[in-house]
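Notes to accompany the following structure.
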Amino acid sequence: MKAIAIDLGGTSIRAAVVDREGQILSRSKRATPAQYGVQAVINQIKATVEDALKGFDVADIAGVGLASPGPIDTIEGVALGLPNFPGFDNVPIRQLLAEALRRDVKVENDAIAAAIGEWRFGAGRGSDNLVYITVSTGIGGGVIADGRVLRGRRGMACHVGHLGLFPDRDVYCNCGNRGCWEAFASGTAFEKRARERQGLGVNPDAPSVFAAARQGNSDAIQLVAEEAHLLGLGIISLLHLYSPDRVILGGGLSHHFDLLKPGIIAEIKQYAMLAFRSVELLQAEQVDNSGLLGAAALVFGTA
Ligand SMILES: [Zn+2]
């Protein structure tokens, strides 16, 4: 049997046909028409799925898994006010999608889905306790504790980007609060600091800044060090909360893992309680596919 996996993102919708071993057999991608409202997005998901399904026997498809931005109530299948998706407030997305695709649909918050993908098919294999963090536009997270997925009330656990790290600083988060971790340490926040750095001498986008750091640009090196410090601060809280064997870093900034890792480890060695410092810090193996693979695992009942 095979699963249809869908990863709904703010800029693109990706769909894939995935087998039980986590092999992606086909994939498709379309732009997310978020500004055109709920029905346009549902229609586009359907079209993306149809692209991915071309050439497959539909009788061989076990079901559909959706990794969706949160907050989404995955028990009821209802989107609860998705940032960047106008109109997605109290929208029964699971039911709408099930009707459009004429199949059962399972839904997971996207970062939890990515954590499942890494747990089953990536850097988390064989671990019963792991914390997954994705650092891109925002910061998201997922936790596997005692060998099972931590979902919490309404399936909304681990919105770790909104850890309140600096509530007394005037830096506002997309959620409306001040001082959230992602307002300081996301890829967006990193690029904002790069834009504000006088005399940086390179484009302030993350790939350019990391490339400049590799070539010895001292301002870029300092920006990377600040980023590692800010990521480390949040990760230390997560170590103390969840006591994972492994912390897995995914998302756009994880492409520069080798440059970020030493600073994050140094932060952990200095500020985490002694008993927590031996945690492994790993780069996501499935990076762009972890959400899709987690969505597939929902269908196969391995999540
Ligand atoms: Zn926030």
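Chain lettering (A, B, ...) mirrors the order of the structure tokens, residue numbering begins at 1 for each chain separately, and ligand numbering begins at 1 in order of display.
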Next on the checklist: From a backbone DSSP assignment, name each residue in segment 9-239 of chain A labelled strand (DSSP E), as a PyMOL selection string.
Outcome noted: chain A and resi 12-19+24-31+61-68+72-73+78-80+89-91+105-109+130-135+139-145+148-149
Checklist entry - Got a sec: who's within 12 Å of Arg14 of chain A, counting only C-alpha atoms, leaving out chain neighbours fewer than 3 positions off, as a PyMOL selection string? => result chain A and resi 4-11+17+24+26-32+44-52+65-68+288-293+295
Would you output that residue set with N, CA and C atoms, as a short mmCIF file (atom, residue, chain, number, x, y, z; two decimals), in the first residue's frame?
data_model
loop_
_atom_site.label_atom_id
_atom_site.label_comp_id
_atom_site.auth_asym_id
_atom_site.auth_seq_id
_atom_site.Cartn_x
_atom_site.Cartn_y
_atom_site.Cartn_z
N ILE A 4 -0.84 8.96 0.22
CA ILE A 4 -0.70 10.30 -0.35
C ILE A 4 -0.33 11.23 0.79
N ALA A 5 0.78 11.92 0.64
CA ALA A 5 1.22 12.86 1.67
C ALA A 5 1.15 14.27 1.10
N ILE A 6 0.66 15.19 1.93
CA ILE A 6 0.53 16.59 1.50
C ILE A 6 1.20 17.48 2.52
N ASP A 7 2.00 18.41 2.04
CA ASP A 7 2.61 19.42 2.92
C ASP A 7 2.10 20.78 2.46
N LEU A 8 1.24 21.36 3.29
CA LEU A 8 0.66 22.66 2.95
C LEU A 8 1.53 23.76 3.55
N GLY A 9 2.13 24.55 2.67
CA GLY A 9 2.98 25.64 3.14
C GLY A 9 2.42 26.99 2.71
N GLY A 10 2.97 28.05 3.25
CA GLY A 10 2.48 29.39 2.94
C GLY A 10 2.73 29.79 1.50
N THR A 11 3.80 29.27 0.89
CA THR A 11 4.08 29.64 -0.50
C THR A 11 3.83 28.50 -1.48
N VAL A 17 3.47 10.62 -3.40
CA VAL A 17 3.06 9.24 -3.15
C VAL A 17 4.24 8.57 -2.46
N ILE A 24 9.83 8.14 -1.54
CA ILE A 24 8.93 9.03 -2.27
C ILE A 24 8.92 8.59 -3.73
N SER A 26 6.62 9.55 -6.16
CA SER A 26 6.35 10.65 -7.10
C SER A 26 6.05 11.88 -6.27
N ARG A 27 6.23 13.03 -6.88
CA ARG A 27 5.94 14.26 -6.14
C ARG A 27 5.46 15.35 -7.08
N SER A 28 4.76 16.31 -6.51
CA SER A 28 4.28 17.45 -7.29
C SER A 28 4.23 18.67 -6.39
N LYS A 29 4.19 19.82 -7.02
CA LYS A 29 4.25 21.07 -6.27
C LYS A 29 3.49 22.15 -7.02
N ARG A 30 2.70 22.92 -6.31
CA ARG A 30 2.00 24.06 -6.90
C ARG A 30 2.04 25.22 -5.92
N ALA A 31 1.85 26.42 -6.43
CA ALA A 31 1.82 27.60 -5.56
C ALA A 31 0.57 27.57 -4.67
N THR A 32 0.68 28.08 -3.47
CA THR A 32 -0.46 28.16 -2.55
C THR A 32 -1.22 29.46 -2.82
N GLN A 44 -6.65 23.73 -5.03
CA GLN A 44 -5.25 23.62 -5.44
C GLN A 44 -4.60 22.36 -4.83
N ILE A 45 -4.97 22.06 -3.59
CA ILE A 45 -4.45 20.82 -2.98
C ILE A 45 -4.90 19.62 -3.82
N LYS A 46 -6.18 19.65 -4.20
CA LYS A 46 -6.71 18.54 -5.00
C LYS A 46 -5.94 18.39 -6.31
N ALA A 47 -5.68 19.51 -6.96
CA ALA A 47 -4.95 19.47 -8.24
C ALA A 47 -3.53 18.97 -8.03
N THR A 48 -2.90 19.37 -6.92
CA THR A 48 -1.53 18.94 -6.64
C THR A 48 -1.48 17.44 -6.40
N VAL A 49 -2.49 16.94 -5.67
CA VAL A 49 -2.57 15.49 -5.41
C VAL A 49 -2.78 14.73 -6.72
N GLU A 50 -3.65 15.27 -7.58
CA GLU A 50 -3.91 14.59 -8.86
C GLU A 50 -2.63 14.52 -9.71
N ASP A 51 -1.82 15.58 -9.66
CA ASP A 51 -0.53 15.55 -10.37
C ASP A 51 0.35 14.41 -9.85
N ALA A 52 0.44 14.30 -8.53
CA ALA A 52 1.33 13.30 -7.93
C ALA A 52 0.84 11.88 -8.21
N GLY A 65 -2.49 11.80 4.21
CA GLY A 65 -2.01 12.51 5.39
C GLY A 65 -1.67 13.94 5.02
N LEU A 66 -2.08 14.88 5.87
CA LEU A 66 -1.83 16.31 5.61
C LEU A 66 -0.99 16.90 6.74
N ALA A 67 0.13 17.50 6.37
CA ALA A 67 0.89 18.33 7.32
C ALA A 67 0.48 19.76 7.07
N SER A 68 -0.11 20.39 8.08
CA SER A 68 -0.69 21.73 7.90
C SER A 68 -0.03 22.71 8.85
N ASP A 288 13.75 18.80 3.50
CA ASP A 288 12.53 19.28 2.85
C ASP A 288 11.44 18.21 2.78
N ASN A 289 11.79 16.97 3.06
CA ASN A 289 10.80 15.90 2.94
C ASN A 289 10.23 15.43 4.27
N SER A 290 10.77 15.94 5.38
CA SER A 290 10.36 15.34 6.66
C SER A 290 8.86 15.50 6.92
N GLY A 291 8.28 16.64 6.53
CA GLY A 291 6.83 16.83 6.72
C GLY A 291 6.01 15.85 5.90
N LEU A 292 6.42 15.65 4.65
CA LEU A 292 5.72 14.69 3.79
C LEU A 292 5.81 13.28 4.35
N LEU A 293 7.00 12.91 4.83
CA LEU A 293 7.18 11.54 5.34
C LEU A 293 6.39 11.34 6.63
N ALA A 295 3.59 12.88 7.32
CA ALA A 295 2.19 12.79 6.88
C ALA A 295 1.89 11.37 6.39
#
Checklist entry - Counting only C-alpha atoms and all ligand atoms, what residues are within 6 Å of ligand 1, given as a ChimeraX atom specification? => result /A:162,173-175,177,180
Expected file: the selected residues, N, CA, C and O atoms, as a CSV table (one decimal), in the first residue's frame:
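After the write, result_11.csv holds the following:
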chain,number,residue,atom,x,y,z
A,162,HIS,N,7.1,30.1,20.2
A,162,HIS,CA,6.5,31.1,21.0
A,162,HIS,C,6.9,31.0,22.5
A,162,HIS,O,6.3,31.6,23.3
A,173,CYS,N,6.3,39.5,17.8
A,173,CYS,CA,6.2,38.2,17.1
A,173,CYS,C,4.9,38.3,16.2
A,173,CYS,O,4.0,39.0,16.5
A,174,ASN,N,4.8,37.4,15.2
A,174,ASN,CA,3.6,37.3,14.4
A,174,ASN,C,2.4,36.9,15.2
A,174,ASN,O,1.3,37.2,14.8
A,175,CYS,N,2.6,36.3,16.4
A,175,CYS,CA,1.5,35.9,17.2
A,175,CYS,C,0.9,37.1,18.0
A,175,CYS,O,-0.1,36.9,18.6
A,177,ASN,N,2.5,38.6,20.5
A,177,ASN,CA,3.3,38.8,21.7
A,177,ASN,C,4.6,39.4,21.5
A,177,ASN,O,5.2,39.5,20.4
A,180,CYS,N,9.0,36.5,21.7
A,180,CYS,CA,9.0,35.1,21.4
A,180,CYS,C,10.3,34.6,20.8
A,180,CYS,O,11.0,35.4,20.1
Show me a table, sorted first by chain and then by increasing residue number, of the residues of segment 205-268 of chain A having an atom at most 9 Å from segment 127-136 of chain A, each with its shortest atom pair and the distance in Å to one decimal, counting only C-alpha atoms and written as a tab-separated table.
residue	atom	partner	partner_atom	distance
A:Leu231	CA	A:Val135	CA	9.0
A:Ile235	CA	A:Ile133	CA	8.7
A:Leu238	CA	A:Val131	CA	7.6
A:Leu239	CA	A:Val131	CA	8.3
A:Tyr242	CA	A:Val131	CA	7.6
A:Ser243	CA	A:Asn129	CA	7.4
A:Pro244	CA	A:Leu130	CA	4.6
A:Asp245	CA	A:Asn129	CA	5.5
A:Arg246	CA	A:Leu130	CA	5.0
A:Val247	CA	A:Val131	CA	4.8
A:Ile248	CA	A:Tyr132	CA	4.7
A:Leu249	CA	A:Ile133	CA	5.1
A:Gly250	CA	A:Thr134	CA	4.4
A:Gly251	CA	A:Thr134	CA	4.4
A:Gly252	CA	A:Ser136	CA	4.9
A:Leu253	CA	A:Val135	CA	5.8
A:Ser254	CA	A:Val135	CA	7.1
Taking all heavy atoms for each residue, export the selection above as a compact mmCIF listing (two decimals), in the first residue's frame.
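Result went into selection.txt, see below:
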# COMPACT_ATOMS: atom_id res chain seq x y z
N LEU A 231 19.64 30.48 19.09
CA LEU A 231 19.05 29.14 18.95
C LEU A 231 19.36 28.32 20.21
O LEU A 231 18.50 27.61 20.73
CB LEU A 231 19.60 28.43 17.70
CG LEU A 231 19.07 28.96 16.36
CD1 LEU A 231 19.80 28.27 15.21
CD2 LEU A 231 17.57 28.72 16.25
N ILE A 235 16.95 26.13 22.78
CA ILE A 235 17.19 24.69 22.83
C ILE A 235 17.46 24.25 24.27
O ILE A 235 16.99 23.19 24.71
CB ILE A 235 18.35 24.30 21.88
CG1 ILE A 235 17.87 24.42 20.42
CG2 ILE A 235 18.86 22.89 22.18
CD1 ILE A 235 18.95 24.28 19.38
N LEU A 238 14.36 23.64 25.98
CA LEU A 238 13.73 22.40 25.51
C LEU A 238 14.40 21.17 26.10
O LEU A 238 13.75 20.17 26.39
CB LEU A 238 13.73 22.35 23.98
CG LEU A 238 12.97 23.50 23.31
CD1 LEU A 238 13.11 23.43 21.80
CD2 LEU A 238 11.50 23.45 23.71
N LEU A 239 15.72 21.24 26.29
CA LEU A 239 16.43 20.12 26.96
C LEU A 239 15.89 19.93 28.37
O LEU A 239 15.61 18.81 28.80
CB LEU A 239 17.93 20.42 27.08
CG LEU A 239 18.75 20.60 25.81
CD1 LEU A 239 20.21 20.83 26.17
CD2 LEU A 239 18.60 19.39 24.91
N TYR A 242 12.16 18.47 28.11
CA TYR A 242 11.82 17.17 27.51
C TYR A 242 12.90 16.10 27.67
O TYR A 242 12.66 14.96 27.36
CB TYR A 242 11.51 17.35 26.02
CG TYR A 242 10.35 18.26 25.77
CD1 TYR A 242 10.50 19.49 25.16
CD2 TYR A 242 9.06 17.88 26.17
CE1 TYR A 242 9.42 20.33 24.95
CE2 TYR A 242 7.99 18.72 25.96
CZ TYR A 242 8.17 19.94 25.35
OH TYR A 242 7.10 20.77 25.14
N SER A 243 14.07 16.48 28.10
CA SER A 243 15.19 15.55 28.26
C SER A 243 15.36 14.60 27.07
O SER A 243 15.27 13.38 27.22
CB SER A 243 15.02 14.74 29.56
OG SER A 243 16.21 14.03 29.81
N PRO A 244 15.56 15.15 25.88
CA PRO A 244 15.73 14.29 24.70
C PRO A 244 17.12 13.66 24.63
O PRO A 244 18.07 14.18 25.21
CB PRO A 244 15.55 15.27 23.54
CG PRO A 244 16.04 16.58 24.08
CD PRO A 244 15.66 16.58 25.54
N ASP A 245 17.21 12.51 23.90
CA ASP A 245 18.52 11.95 23.53
C ASP A 245 19.16 12.82 22.45
O ASP A 245 20.36 12.97 22.38
CB ASP A 245 18.39 10.57 22.86
CG ASP A 245 17.59 9.59 23.67
OD1 ASP A 245 17.84 9.48 24.87
OD2 ASP A 245 16.70 8.94 23.07
N ARG A 246 18.28 13.30 21.56
CA ARG A 246 18.76 14.02 20.38
C ARG A 246 17.91 15.27 20.15
O ARG A 246 16.70 15.24 20.35
CB ARG A 246 18.60 13.17 19.11
CG ARG A 246 19.30 11.85 19.19
CD ARG A 246 19.01 11.03 17.94
NE ARG A 246 19.41 9.64 18.18
CZ ARG A 246 19.12 8.62 17.37
NH1 ARG A 246 18.44 8.83 16.26
NH2 ARG A 246 19.51 7.40 17.67
N VAL A 247 18.58 16.31 19.71
CA VAL A 247 17.88 17.47 19.18
C VAL A 247 18.20 17.51 17.69
O VAL A 247 19.38 17.45 17.29
CB VAL A 247 18.35 18.77 19.85
CG1 VAL A 247 17.74 19.99 19.17
CG2 VAL A 247 17.99 18.77 21.33
N ILE A 248 17.16 17.57 16.87
CA ILE A 248 17.34 17.55 15.42
C ILE A 248 16.92 18.90 14.86
O ILE A 248 15.82 19.38 15.12
CB ILE A 248 16.49 16.43 14.78
CG1 ILE A 248 16.94 15.08 15.34
CG2 ILE A 248 16.61 16.47 13.26
CD1 ILE A 248 16.01 13.94 14.98
N LEU A 249 17.83 19.50 14.11
CA LEU A 249 17.58 20.82 13.54
C LEU A 249 17.20 20.69 12.07
O LEU A 249 17.95 20.11 11.28
CB LEU A 249 18.84 21.67 13.69
CG LEU A 249 18.67 23.18 13.64
CD1 LEU A 249 17.86 23.68 14.82
CD2 LEU A 249 20.04 23.86 13.62
N GLY A 250 16.01 21.19 11.73
CA GLY A 250 15.55 21.19 10.35
C GLY A 250 15.20 22.59 9.89
O GLY A 250 15.47 23.57 10.59
N GLY A 251 14.58 22.69 8.72
CA GLY A 251 14.19 23.99 8.18
C GLY A 251 15.33 24.63 7.40
O GLY A 251 16.44 24.10 7.33
N GLY A 252 15.04 25.79 6.83
CA GLY A 252 15.98 26.45 5.92
C GLY A 252 17.36 26.68 6.52
O GLY A 252 18.38 26.42 5.88
N LEU A 253 17.41 27.16 7.76
CA LEU A 253 18.72 27.47 8.34
C LEU A 253 19.54 26.22 8.62
O LEU A 253 20.76 26.29 8.78
CB LEU A 253 18.58 28.29 9.63
CG LEU A 253 18.29 29.79 9.51
CD1 LEU A 253 18.67 30.52 10.78
CD2 LEU A 253 18.97 30.43 8.31
N SER A 254 18.88 25.06 8.68
CA SER A 254 19.63 23.82 8.96
C SER A 254 20.54 23.43 7.80
O SER A 254 21.40 22.57 7.94
CB SER A 254 18.69 22.67 9.31
OG SER A 254 18.04 22.17 8.16
Checklist entry - Please, what distance in Å, to one decimal, runs between atom CA of Ile13 of chain A and atom CA of His159 of chain A? => result 21.3 Å
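Counting only C-alpha atoms and comparing A:Phe190, A:Phe121, A:Tyr36, A:Phe276, the residue that lies closest to Gln222 of chain A is A:Phe190.
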Next on the checklist: I'd like to know which of A:Gln286, A:Gln270, A:Thr74, A:Thr137 is closest to Arg94 of chain A, using only C-alpha atoms.
Outcome noted: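 Going through A:Gln286, A:Gln270, A:Thr74, A:Thr137 one by one, the smallest distance to Arg94 of chain A is for A:Thr74.
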Checklist entry - Contacts of segment 256-261 of chain A at 7 Å or less, counting only C-alpha atoms, minus same-chain residues fewer than 5 places along, as a PyMOL selection string? => result chain A and resi 210+224+228+283
Item to check | All residues 10 Å or closer to Arg120 of chain A, only C-alpha atoms, same chain fewer than 3 positions away omitted, as a list in words | outcome: Glu21, Gly22, Ala114, Ala115, Ile116, Gly117, Ala123, Gly124, Arg125, Gly126, Ser127, Ser290, Leu293, Gly294, Ala297, Thr302 and Ala303 of chain A
